[in-house]
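Read the structure below first, then the notes.
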Amino acid sequence: MFYSGYVALVGKPNAGKSSLVNALVGEKVAIISRKPQTTRDNILGIYNREDCQIVFVDTPGVHHSKNSLDKSMMKNVRSAIAGVDLVLYLIDGTTMPDEEEVDYIQHLSCEKMIVRTKIDLKGQKPFESDLEVSSKTGENLDLIIDKIKGYLSEHEKPFYIYPPDYYTDKSVKFIIAEEIRENALNNLEREIPHGVAVEIIRFDEREDIVYIDADIVCEQESHKGIIIGKGGSLLKKIGMNVRGFAENLLDKKVMLKLFVKVEKDWRNKPQKIKNLGY
Ligand SMILES: Nc1nc2c(ncn2[C@@H]2O[C@H](COP(=O)(O)OP(=O)(O)OP(=O)(O)O)[C@@H](O)[C@H]2O)c(=O)[nH]1
Ligand SMILES: [Mg+2]
């Protein structure tokens, strides 16, 4: 028997959704950071095996909407939930779900499982779950796949939704833009990370080299200097990390140029940013 279908990962910011998708798929499809609200788009991570294809939908963390970017993120979550066979609702095992969250889960009118995440960490809190996992140690990842299969459609013959060599729906350009954003997030503090977006302004793939130019967009002139760093140090660091990542991904030499651009209040006009997946 062959099993296939869609499974959305939903939960508060920082619950560990993107980490779990990457761990299950075995590839880095989504960026991860300690800061809440890292993921902004629905990103597919496709798990392929001889007997199943599971399309995981990573979603932005559920939180209160303030600006247009937040609202479009929450729309992404709703649309993800609407079209799937199962929702995995993730809760960080070291936190307790609050009333609002319990209410949200109860009102999800779809097949769902509550997943306790980060079980490798000390200080686990006493709430009930259907499954417990650690993306860090890989504990129970096989068990999750087995449990999920019970919710998918069964086919006599292999039935692939995506070609079996695909592991995401996102383009290389998107993945590299996100990698730049992840490196920026992990090196910035306070409000700045939430106001960062990345635009790829040139992606020129030649036979043995790829030229990539990208803008790191921020909201204020004062943030620009911080992102560039003393003598360009932070921009250089981000550039080096991302170049290594991109060369690995593309299996070619990469020439990467990064610029920093100010776009005031872009979170209220996200359509101003190129290449964002919404
Ligand atoms: N120790 C440990 N840390 C984890 C685990 N899973 C995730 N983390 C950490 O938790 C933080 C948040 O992880 P993400 O995967 O980005 O969380 P998310 O739910 O996708 O967050 P948003 O995209 O902001 O909604 C990161 O610092 C991860 O390294 C785990 O199994 N064990
Ligand atoms: Mg995420």
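Numbering starts fresh at 1 for the residues of each chain in the structure tokens, the chains themselves are lettered A, B, ... in the order given, and ligands are numbered from 1 as they appear.
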
(Q) 10 Å from ligand 2 is the threshold here; counting only C-alpha atoms and all ligand atoms, which polymer residues fall inside it? Answer as an NGL selection string. (A) :A and (9-21 or 30-43 or 58-61)

Could you please take those selected residues and save C-alpha atoms as a PDB file, in the first residue's frame?
```
ATOM      1  CA  LEU A   9       2.588  22.067  11.211  1.00  0.00           C
ATOM      2  CA  VAL A  10       0.929  24.760  13.261  1.00  0.00           C
ATOM      3  CA  GLY A  11       1.765  26.350  16.604  1.00  0.00           C
ATOM      4  CA  LYS A  12       3.010  29.427  18.395  1.00  0.00           C
ATOM      5  CA  PRO A  13       6.135  31.239  17.208  1.00  0.00           C
ATOM      6  CA  ASN A  14       9.250  29.323  18.306  1.00  0.00           C
ATOM      7  CA  ALA A  15       7.378  26.040  18.922  1.00  0.00           C
ATOM      8  CA  GLY A  16       9.854  24.225  16.677  1.00  0.00           C
ATOM      9  CA  LYS A  17       7.790  23.820  13.480  1.00  0.00           C
ATOM     10  CA  SER A  18      10.522  24.586  10.954  1.00  0.00           C
ATOM     11  CA  SER A  19      13.076  22.501  12.867  1.00  0.00           C
ATOM     12  CA  LEU A  20      10.725  19.512  12.771  1.00  0.00           C
ATOM     13  CA  VAL A  21      10.000  19.862   9.042  1.00  0.00           C
ATOM     14  CA  ALA A  30      13.009  26.287   6.236  1.00  0.00           C
ATOM     15  CA  ILE A  31      15.173  28.672   8.220  1.00  0.00           C
ATOM     16  CA  ILE A  32      15.347  28.504  11.995  1.00  0.00           C
ATOM     17  CA  SER A  33      16.107  31.030  14.678  1.00  0.00           C
ATOM     18  CA  ARG A  34      15.705  31.602  18.377  1.00  0.00           C
ATOM     19  CA  LYS A  35      13.623  34.677  17.603  1.00  0.00           C
ATOM     20  CA  PRO A  36       9.862  34.240  17.349  1.00  0.00           C
ATOM     21  CA  GLN A  37       8.145  34.779  13.995  1.00  0.00           C
ATOM     22  CA  THR A  38      10.987  33.491  11.871  1.00  0.00           C
ATOM     23  CA  THR A  39       8.845  31.788   9.221  1.00  0.00           C
ATOM     24  CA  ARG A  40       6.702  34.124   7.096  1.00  0.00           C
ATOM     25  CA  ASP A  41       5.439  31.878   4.310  1.00  0.00           C
ATOM     26  CA  ASN A  42       3.935  28.451   3.993  1.00  0.00           C
ATOM     27  CA  ILE A  43       6.836  26.273   2.927  1.00  0.00           C
ATOM     28  CA  ASP A  58       5.478  24.648   7.550  1.00  0.00           C
ATOM     29  CA  THR A  59       3.524  27.725   8.621  1.00  0.00           C
ATOM     30  CA  PRO A  60       4.257  31.029  10.397  1.00  0.00           C
ATOM     31  CA  GLY A  61       3.728  30.941  14.181  1.00  0.00           C
TER      32      GLY A  61
END
```

Q: From region 58-115 of chain A, collect each residue whose DSSP state is strand (DSSP E) and return the set as a PyMOL selection string.
A: chain A and resi 58+86-92+112-115

Q: Choose the residue, out of A:Ser153, A:Ser4, A:Gln124, A:Asn48, that has the smallest atom-to-atom separation from ligand 1; count only C-alpha atoms and all ligand atoms.
A: A:Gln124

Q | Residues within 7 Å of Asp215 (chain A), only C-alpha atoms, excluding chain neighbours under 5 positions, as a ChimeraX atom specification | A | /A:198-201,258-261

Keeping N, CA and C atoms, export the residues of the selection given above as a tab-separated table (two decimals), in the first residue's frame.
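Output file again30.tsv is given in full below:
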```
chain	number	residue	atom	x	y	z
A	198	VAL	N	14.45	40.20	2.55
A	198	VAL	CA	15.54	40.06	1.59
A	198	VAL	C	14.97	39.98	0.18
A	199	GLU	N	15.58	40.76	-0.71
A	199	GLU	CA	15.18	40.71	-2.12
A	199	GLU	C	16.38	40.25	-2.94
A	200	ILE	N	16.16	39.28	-3.81
A	200	ILE	CA	17.23	38.89	-4.74
A	200	ILE	C	17.07	39.77	-5.98
A	201	ILE	N	18.05	40.61	-6.24
A	201	ILE	CA	17.88	41.54	-7.37
A	201	ILE	C	18.62	41.06	-8.63
A	258	LEU	N	25.99	41.71	-1.34
A	258	LEU	CA	24.87	42.09	-0.47
A	258	LEU	C	24.83	43.61	-0.31
A	259	PHE	N	23.64	44.16	-0.34
A	259	PHE	CA	23.44	45.59	-0.11
A	259	PHE	C	22.39	45.75	0.99
A	260	VAL	N	22.40	46.92	1.64
A	260	VAL	CA	21.37	47.16	2.65
A	260	VAL	C	20.52	48.35	2.19
A	261	LYS	N	19.22	48.18	2.24
A	261	LYS	CA	18.32	49.21	1.73
A	261	LYS	C	17.27	49.53	2.79
```

Q.
Need to verify the contact set: Ile119 (chain A), 8 Å, only C-alpha atoms, exclusion of same-chain residues closer than 3 positions in sequence. Can you return it as a list in words?
A.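 The residues that qualify are Gly93, Arg116, Lys122, Gln124, Glu132, Val133 and Ser134 of chain A.
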
**Q.** Among listed residues A:Ser135, A:Gln53, A:Ser129, A:Asn76, nearest Tyr89 (chain A) (using only C-alpha atoms)
**A.** A:Ser129

(Q) Give me the residues near Val210 (chain A) as an MDAnalysis selection string, where near means some atom within 8 Å (using only C-alpha atoms) and where sequence neighbours in that chain fewer than 4 positions away do not count. (A) chainID A and resid 203:206 252:255

Q.
List as an NGL selection string the protein and nucleic acid residues near Arg181 (chain A), meaning an atom at most 8 Å away when only C-alpha atoms are counted, but skip any in the same chain fewer than 5 places from it.
A. :A and (196-198 or 216)
